[in-house]
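Data file: run_23.cif. Format and content: mmCIF, C-alpha atoms.
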data_coords
#
loop_
_atom_site.label_atom_id
_atom_site.label_comp_id
_atom_site.auth_asym_id
_atom_site.auth_seq_id
_atom_site.Cartn_x
_atom_site.Cartn_y
_atom_site.Cartn_z
CA MET G 8 19.34 -5.51 12.39
CA HIS G 9 22.36 -6.78 14.24
CA ARG G 10 23.09 -9.89 16.23
CA ARG G 11 22.79 -8.31 19.70
CA THR G 12 19.40 -6.83 18.81
CA HIS G 13 17.92 -10.16 17.90
CA LEU G 14 19.58 -12.05 20.73
CA LEU G 15 17.55 -9.78 23.01
CA LEU G 16 14.44 -10.92 21.17
CA ALA G 17 15.55 -14.52 21.32
CA ALA G 18 16.10 -14.39 25.07
CA ALA G 19 12.39 -13.89 25.54
CA LEU G 20 11.60 -17.05 23.61
CA ALA G 21 12.42 -20.72 24.14
CA LEU G 22 14.55 -21.37 21.08
CA ALA G 23 15.16 -24.82 19.70
CA THR G 24 18.08 -25.77 17.49
CA GLY G 25 18.64 -28.38 14.80
CA PRO G 26 20.82 -29.15 11.78
CA GLY G 27 19.59 -28.94 8.22
CA LEU G 28 19.16 -31.82 5.77
CA ALA G 29 19.44 -31.78 1.98
CA ALA G 30 16.53 -32.08 -0.47
CA ALA G 31 16.20 -34.74 -3.20
CA GLN G 32 13.41 -35.79 -5.57
CA VAL G 33 9.85 -34.55 -5.95
CA PRO G 34 7.52 -36.71 -3.80
CA ALA G 35 4.74 -38.73 -5.33
CA PRO G 36 1.23 -37.26 -4.94
CA GLY G 37 -0.14 -37.71 -1.46
CA THR G 38 3.21 -38.56 0.11
CA TYR G 39 4.42 -35.05 1.00
CA PRO G 40 6.48 -34.65 3.08
CA SER G 41 8.47 -37.80 2.45
CA ARG G 42 11.58 -36.73 4.38
CA PRO G 43 12.72 -33.88 6.65
CA VAL G 44 11.78 -30.36 5.58
CA ARG G 45 14.53 -27.73 5.64
CA LEU G 46 13.53 -24.20 6.59
CA VAL G 47 16.42 -22.00 5.44
CA VAL G 48 16.96 -18.76 7.35
CA PRO G 49 19.39 -16.49 5.48
CA PHE G 50 20.67 -14.86 8.68
CA PRO G 51 22.60 -16.08 11.74
CA ALA G 52 21.07 -17.81 14.74
CA GLY G 53 19.45 -15.35 17.13
CA THR G 54 18.32 -12.88 14.45
CA ALA G 55 14.65 -11.98 14.04
CA PRO G 56 13.84 -14.41 11.19
CA ASP G 57 15.67 -17.17 13.05
CA VAL G 58 13.64 -16.49 16.19
CA LEU G 59 10.43 -16.60 14.18
CA ALA G 60 11.47 -19.79 12.40
CA ARG G 61 12.16 -21.59 15.65
CA LEU G 62 8.80 -20.45 16.99
CA ILE G 63 6.82 -21.95 14.13
CA VAL G 64 8.89 -25.11 13.51
CA PRO G 65 7.46 -27.13 16.44
CA ALA G 66 3.90 -26.36 15.34
CA LEU G 67 4.66 -27.29 11.73
CA ALA G 68 6.42 -30.48 12.72
CA GLU G 69 3.49 -31.58 14.85
CA SER G 70 0.72 -30.74 12.38
CA MET G 71 2.60 -32.22 9.40
CA SER G 72 3.82 -35.29 11.34
CA ALA G 73 7.24 -34.58 9.89
CA THR G 74 10.71 -33.49 10.87
CA VAL G 75 11.18 -29.77 10.20
CA VAL G 76 14.61 -28.31 10.80
CA VAL G 77 16.08 -24.79 10.65
CA GLU G 78 19.22 -24.23 8.60
CA ASN G 79 21.01 -20.88 8.94
CA VAL G 80 22.71 -19.76 5.72
CA PRO G 81 23.87 -16.19 6.43
CA GLY G 82 25.81 -13.78 4.28
CA ALA G 83 25.52 -10.83 1.88
CA GLY G 84 22.47 -9.33 3.55
CA GLY G 85 20.53 -12.58 3.29
CA THR G 86 20.99 -13.03 -0.45
CA ILE G 87 23.21 -16.14 -0.17
CA GLY G 88 20.53 -18.12 1.65
CA VAL G 89 17.76 -16.85 -0.60
CA ASP G 90 19.73 -17.84 -3.70
CA ARG G 91 20.34 -21.32 -2.30
CA VAL G 92 16.62 -21.89 -1.87
CA ALA G 93 15.86 -20.42 -5.29
CA LYS G 94 18.18 -23.02 -6.82
CA SER G 95 16.90 -25.96 -4.71
CA ALA G 96 14.68 -28.77 -5.94
CA PRO G 97 11.06 -27.53 -6.13
CA ASP G 98 9.60 -30.34 -4.06
CA GLY G 99 8.54 -28.60 -0.83
CA HIS G 100 11.38 -30.03 1.23
CA THR G 101 13.47 -26.83 1.07
CA LEU G 102 11.73 -23.64 2.19
CA LEU G 103 12.84 -20.10 2.94
CA LEU G 104 11.94 -17.83 5.84
CA SER G 105 13.27 -14.39 4.96
CA GLY G 106 12.87 -10.77 5.86
CA ASP G 107 11.87 -8.14 3.34
CA ALA G 108 15.24 -6.67 2.33
CA ALA G 109 16.70 -9.68 0.51
CA LEU G 110 13.41 -10.15 -1.36
CA VAL G 111 12.35 -6.60 -2.16
CA LEU G 112 15.73 -4.99 -2.80
CA ALA G 113 16.50 -7.64 -5.39
CA GLY G 114 14.56 -5.19 -7.58
CA GLY G 115 17.68 -3.02 -7.72
CA ALA G 116 17.25 -0.48 -4.92
CA TYR G 117 20.46 0.58 -3.18
CA GLY G 118 22.49 -1.22 -5.85
CA MET G 119 21.43 -4.72 -4.74
CA LYS G 120 21.27 -7.10 -7.74
CA PRO G 121 21.58 -10.67 -6.45
CA PRO G 122 21.61 -13.68 -8.81
CA TYR G 123 17.87 -14.29 -8.49
CA GLU G 124 14.60 -12.53 -9.15
CA THR G 125 12.23 -12.97 -6.23
CA LEU G 126 8.95 -13.50 -8.08
CA ARG G 127 10.55 -15.43 -10.94
CA ASP G 128 12.61 -17.84 -8.85
CA LEU G 129 10.52 -18.17 -5.68
CA ALA G 130 6.88 -18.97 -4.87
CA PRO G 131 5.48 -16.88 -1.98
CA ILE G 132 3.48 -18.94 0.52
CA ALA G 133 2.65 -16.65 3.44
CA GLN G 134 3.73 -13.36 4.95
CA LEU G 135 3.85 -14.20 8.65
CA ILE G 136 4.43 -10.99 10.58
CA ILE G 137 4.97 -7.26 10.19
CA THR G 138 6.96 -5.20 12.68
CA PRO G 139 7.29 -1.43 12.88
CA ASN G 140 10.43 0.39 13.85
CA VAL G 141 10.62 3.18 16.42
CA LEU G 142 12.34 6.50 15.73
CA VAL G 143 14.63 7.03 18.71
CA VAL G 144 17.07 9.84 19.47
CA ALA G 145 19.96 10.13 21.87
CA ASN G 146 19.06 11.83 25.15
CA ASP G 147 21.21 14.87 24.37
CA VAL G 148 19.24 15.63 21.20
CA PRO G 149 16.90 18.52 22.10
CA ALA G 150 13.86 17.22 20.21
CA ARG G 151 10.72 15.89 21.87
CA ASN G 152 8.75 15.06 18.74
CA VAL G 153 9.17 14.55 15.00
CA ALA G 154 8.45 18.18 14.11
CA GLU G 155 11.14 19.43 16.50
CA LEU G 156 13.61 16.85 15.17
CA VAL G 157 12.98 17.85 11.54
CA ALA G 158 13.41 21.54 12.39
CA LEU G 159 16.63 20.78 14.28
CA VAL G 160 18.12 18.70 11.46
CA ARG G 161 17.21 21.36 8.88
CA SER G 162 18.88 24.05 10.96
CA GLN G 163 22.22 22.18 11.00
CA PRO G 164 22.76 20.68 7.53
CA GLY G 165 25.10 17.70 7.42
CA LYS G 166 25.49 17.41 11.18
CA PHE G 167 22.95 14.70 11.95
CA SER G 168 23.40 11.01 11.22
CA TYR G 169 21.41 7.86 11.80
CA SER G 170 22.62 4.31 12.33
CA SER G 171 21.38 1.03 10.86
CA ALA G 172 22.42 -2.59 10.64
CA GLY G 173 23.13 -2.35 6.93
CA ILE G 174 22.31 -0.95 3.52
CA GLY G 175 18.78 -1.69 2.34
CA LEU G 176 17.39 -2.90 5.66
CA SER G 177 14.23 -1.31 7.03
CA GLN G 178 16.23 0.98 9.35
CA HIS G 179 18.13 2.39 6.37
CA ARG G 180 15.02 2.69 4.21
CA ALA G 181 13.20 4.58 6.97
CA GLY G 182 16.04 7.07 7.28
CA GLU G 183 16.19 7.67 3.53
CA LEU G 184 12.42 7.97 3.39
CA MET G 185 12.53 10.71 6.04
CA ASN G 186 15.35 12.43 4.19
CA SER G 187 13.25 12.43 1.02
CA MET G 188 9.88 13.35 2.49
CA ALA G 189 11.13 16.04 4.88
CA GLY G 190 13.89 17.43 2.66
CA LEU G 191 16.71 16.49 5.05
CA ASP G 192 20.34 15.47 4.55
CA MET G 193 20.93 13.05 7.40
CA VAL G 194 24.00 10.83 6.92
CA HIS G 195 23.58 7.06 6.99
CA VAL G 196 26.05 5.18 9.24
CA PRO G 197 25.69 1.40 8.72
CA ASN G 198 27.04 -0.87 11.45
CA PRO G 199 26.11 -4.54 10.94
CA GLY G 200 27.73 -5.43 14.25
CA ASN G 201 25.99 -3.06 16.66
CA PRO G 202 24.03 -0.08 15.31
CA TRP G 203 22.41 0.51 18.71
CA MET G 204 25.76 1.36 20.25
CA GLU G 205 26.24 4.09 17.65
CA VAL G 206 23.30 6.08 18.99
CA LEU G 207 23.73 5.02 22.63
CA ALA G 208 27.33 6.26 22.53
CA GLY G 209 26.36 9.47 20.74
CA ARG G 210 28.25 8.71 17.54
CA THR G 211 24.94 9.04 15.68
CA GLN G 212 22.02 11.12 16.83
CA LEU G 213 19.11 8.86 15.92
CA MET G 214 17.99 5.47 14.70
CA PHE G 215 14.91 3.66 13.43
CA GLY G 216 15.10 0.53 15.58
CA ASN G 217 13.03 -2.64 15.94
CA ILE G 218 10.21 -1.98 18.39
CA ALA G 219 10.91 -5.02 20.56
CA VAL G 220 14.45 -3.83 21.24
CA ALA G 221 13.73 -0.10 21.25
CA LEU G 222 11.10 -0.17 23.99
CA PRO G 223 13.40 -1.39 26.79
CA PHE G 224 15.92 1.33 25.92
CA ILE G 225 13.13 3.92 25.94
CA ARG G 226 11.57 2.74 29.19
CA ASP G 227 14.97 2.54 30.89
CA GLY G 228 15.60 6.17 29.91
CA LYS G 229 18.59 5.35 27.71
CA LEU G 230 16.99 6.68 24.52
CA ARG G 231 14.01 8.90 23.74
CA GLY G 232 11.27 7.45 21.55
CA LEU G 233 9.55 9.90 19.20
CA ALA G 234 7.31 7.86 16.89
CA VAL G 235 6.63 4.51 15.23
CA THR G 236 7.05 3.92 11.50
CA SER G 237 3.71 2.15 10.93
CA THR G 238 0.65 4.13 9.84
CA THR G 239 -1.24 3.07 12.98
CA ARG G 240 0.00 3.19 16.55
CA ALA G 241 1.58 0.01 17.89
CA ALA G 242 -0.36 -1.93 20.52
CA ALA G 243 2.91 -2.54 22.37
CA ALA G 244 3.48 1.23 22.71
CA PRO G 245 0.21 3.13 22.17
CA GLU G 246 1.68 6.25 23.74
CA LEU G 247 4.01 6.73 20.75
CA PRO G 248 2.47 8.58 17.78
CA THR G 249 3.17 7.54 14.21
CA VAL G 250 5.60 9.47 12.04
CA SER G 251 2.70 9.89 9.62
CA GLU G 252 0.51 11.70 12.16
CA SER G 253 3.49 13.75 13.33
CA GLY G 254 3.84 15.85 10.20
CA LEU G 255 4.91 13.41 7.45
CA PRO G 256 1.59 12.00 6.21
CA GLY G 257 1.90 8.70 4.41
CA PHE G 258 5.24 7.84 6.01
CA GLU G 259 5.51 4.06 6.44
CA SER G 260 8.51 1.78 6.65
CA LEU G 261 8.06 -1.71 8.06
CA SER G 262 9.94 -4.96 8.43
CA TRP G 263 8.15 -8.16 7.49
CA PHE G 264 8.96 -11.84 7.34
CA GLY G 265 7.47 -14.61 5.22
CA VAL G 266 7.90 -18.12 3.88
CA LEU G 267 8.62 -18.98 0.25
CA ALA G 268 9.47 -22.08 -1.78
CA PRO G 269 11.42 -22.57 -5.00
CA ALA G 270 9.44 -21.67 -8.11
CA GLY G 271 7.89 -24.75 -9.69
CA THR G 272 6.93 -26.37 -6.40
CA PRO G 273 3.72 -28.40 -7.04
CA PRO G 274 0.54 -26.39 -6.31
CA ALA G 275 -0.80 -29.07 -3.97
CA VAL G 276 2.35 -28.81 -1.85
CA LEU G 277 2.16 -25.02 -1.76
CA GLN G 278 -1.50 -25.16 -0.72
CA ARG G 279 -0.68 -27.65 2.04
CA LEU G 280 2.10 -25.42 3.35
CA GLU G 281 -0.08 -22.32 3.20
CA ALA G 282 -2.75 -24.03 5.30
CA GLU G 283 -0.20 -25.39 7.78
CA LEU G 284 1.39 -21.97 8.27
CA GLN G 285 -1.99 -20.31 8.74
CA GLN G 286 -2.83 -22.87 11.40
CA ALA G 287 0.51 -22.44 13.17
CA MET G 288 0.17 -18.66 13.27
CA ALA G 289 -3.42 -18.73 14.54
CA THR G 290 -2.84 -20.28 17.95
CA PRO G 291 -3.38 -17.98 20.97
CA ALA G 292 0.07 -18.80 22.32
CA MET G 293 1.73 -17.78 19.07
CA ARG G 294 -0.27 -14.57 18.79
CA ASP G 295 0.54 -13.64 22.39
CA ARG G 296 4.27 -14.20 21.88
CA LEU G 297 4.34 -12.18 18.69
CA ALA G 298 2.31 -9.36 20.25
CA SER G 299 4.82 -9.15 23.09
CA MET G 300 7.49 -8.51 20.43
CA GLY G 301 5.42 -5.72 18.89
CA ALA G 302 4.65 -7.84 15.83
CA MET G 303 1.42 -7.71 13.84
CA PRO G 304 -0.03 -10.54 11.71
CA GLY G 305 0.98 -10.44 8.06
CA VAL G 306 -0.93 -11.48 4.93
CA GLN G 307 -1.03 -15.20 5.58
CA ASN G 308 -1.91 -16.45 2.11
CA ALA G 309 0.06 -16.86 -1.09
CA ALA G 310 -1.91 -14.46 -3.29
CA GLY G 311 -1.78 -11.64 -0.75
CA PHE G 312 1.91 -12.18 -0.04
CA THR G 313 2.70 -12.10 -3.75
CA GLU G 314 0.96 -8.73 -4.07
CA VAL G 315 2.87 -7.39 -1.06
CA ILE G 316 6.18 -8.30 -2.68
CA LYS G 317 5.14 -6.83 -6.06
CA ASN G 318 4.08 -3.57 -4.45
CA GLU G 319 7.17 -3.32 -2.27
CA ILE G 320 9.54 -3.96 -5.17
CA LYS G 321 7.81 -1.19 -7.10
CA ARG G 322 7.81 1.14 -4.10
CA TRP G 323 11.53 0.83 -3.37
CA ALA G 324 12.77 0.55 -6.95
CA PRO G 325 15.44 3.11 -7.90
CA LYS G 326 13.96 6.31 -9.26
CA PRO G 327 15.36 7.81 -12.48
CA GLY G 328 18.39 9.94 -11.67
CA ALA G 329 18.69 8.60 -8.10
CA ALA G 330 21.95 7.05 -7.00
CA GLY G 331 20.36 3.87 -5.68
CA ALA G 332 18.36 5.48 -2.89
CA ALA G 333 14.59 5.08 -2.85
CA ALA G 334 12.54 8.23 -2.93
CA ALA G 335 9.30 8.81 -1.07
CA PRO G 336 6.40 6.67 -2.30
CA THR G 337 4.29 8.41 -4.90
CA SER G 338 1.23 7.98 -2.67
CA ALA G 339 2.79 9.90 0.21
CA ALA G 340 1.34 13.29 1.03
CA PRO G 341 3.62 16.32 1.26
CA SER G 342 5.23 17.10 4.58
CA THR G 343 3.10 19.30 6.84
CA ILE G 344 6.19 20.35 8.78
CA ALA G 345 6.91 23.89 7.64
CA GLN G 346 10.25 24.56 6.06
CA LYS G 347 12.20 27.72 6.64
CA PRO G 348 11.80 30.31 3.88
#
Now, as a test, write the supplied structure out as structure tokens.
Amino acid sequence: MHRRTHLLLAAALALATGPGLAAAQVPAPGTYPSRPVRLVVPFPAGTAPDVLARLIVPALAESMSATVVVENVPGAGGTIGVDRVAKSAPDGHTLLLSGDAALVLAGGAYGMKPPYETLRDLAPIAQLIITPNVLVVANDVPARNVAELVALVRSQPGKFSYSSAGIGLSQHRAGELMNSMAGLDMVHVPNPGNPWMEVLAGRTQLMFGNIAVALPFIRDGKLRGLAVTSTTRAAAAPELPTVSESGLPGFESLSWFGVLAPAGTPPAVLQRLEAELQQAMATPAMRDRLASMGAMPGVQNAAGFTEVIKNEIKRWAPKPGAAGAAAAPTSAAPSTIAQKP
């Protein structure tokens, strides 16, 4: 997702700022943390992971009686910041808050092969939130639901395109998943600067956009919302059906964000961090803020988060003979939207 998208999210939250500090030696038992804790966000200030980081930092700082600071290390789709944490001292003083793409697509999907392996070089601590996207179309697209959109795209091969903030992000994966499951040939138009303007200006016909940003456009009549990409309807927009219930059973493409540490971090430190994050995420104020963004709680323990990453890497891994694009998950049911003979 692009900077403007997440600045809209950030405007709804009271964001704090702070510089990062470097890590040093492993603390003696019982003394963690012994100095400021860096929470590295591999995207610019104002993006979704940055917003989330600055929401949880005050709670962590208070409960840990420590200084916790956010350090933005953007670049290369998040992989620069992730790699920096992977190569940091495993002492619990350098942590990572990342979205799914830089972690999952390190498995090789879409040609991404960064200089780290997620589950070899990082220790998952907690998946914090999950957010669905919303399938939106430009107002001049004569489709009122997913079935009509699929029929329209099939009737005009090569004409329809969808925008995203970049290769491998959830918006791109959702578009390729629909292409695969529905037998379409929509063209991907990445625009890291402003993918929303592509569809608002009519240069692309549709987009799978973050729910928190999509809903104002839909409710202002600037775009038409057709469905959400989760397998259950979103509490923030219960009137929108899921893509899965709209003729593509099993369709699911989500964004998620979690916290990890360098591999080799002492188990006692990881357990402390897991408990602190669970506590920070459980407050009513935090849950209310996240719900207003259309976010759902993630798997807030290390074992569950590790399984999520394993399963997602497998799900989006390149298929034999594919040119880097992920095919539909093997568990997905066939499309119930009839194709033309």
Just the residues within 8 Å of stretch 164-181 of chain G, please, counting all atoms listed in the file, with nothing from its chain fewer than 5 positions along; format it as a PyMOL selection string. chain G and resi 8-9+84+107-108+112+116-117+140+191-203+205-206+211-216+236+259-262+333
Enclose the full set of atoms of stretch 120-131 of chain G listed in the file within a box whose edges lie along x, y and z, apply 4 Å of padding to each of the six sides, and report centre and edge lengths in Å to one decimal as JSON.
{"center_x": 13.5, "center_y": -13.0, "center_z": -6.5, "size_x": 24.1, "size_y": 19.9, "size_z": 17.0}
Starting from the displayed file, determine the output of the PyMOL selection byres ((chain G and resi 44-48) around 9) and express the residue list as number ranges by chain. G: 26-30, 40-43, 49-52, 56-57, 60, 64, 68, 73-81, 85, 88-89, 91-92, 99-105, 266
What would the selection look like, as a ChimeraX atom specification, if the PyMOL selection byres ((chain G and resi 268) around 6) were run on the coordinates I just shared? /G:102,129-130,267,269
Given only C-alpha atoms as the counted atoms, nearest of G:Val143, G:Leu233, G:Leu126, G:Ala309 to G:Glu155: G:Leu233
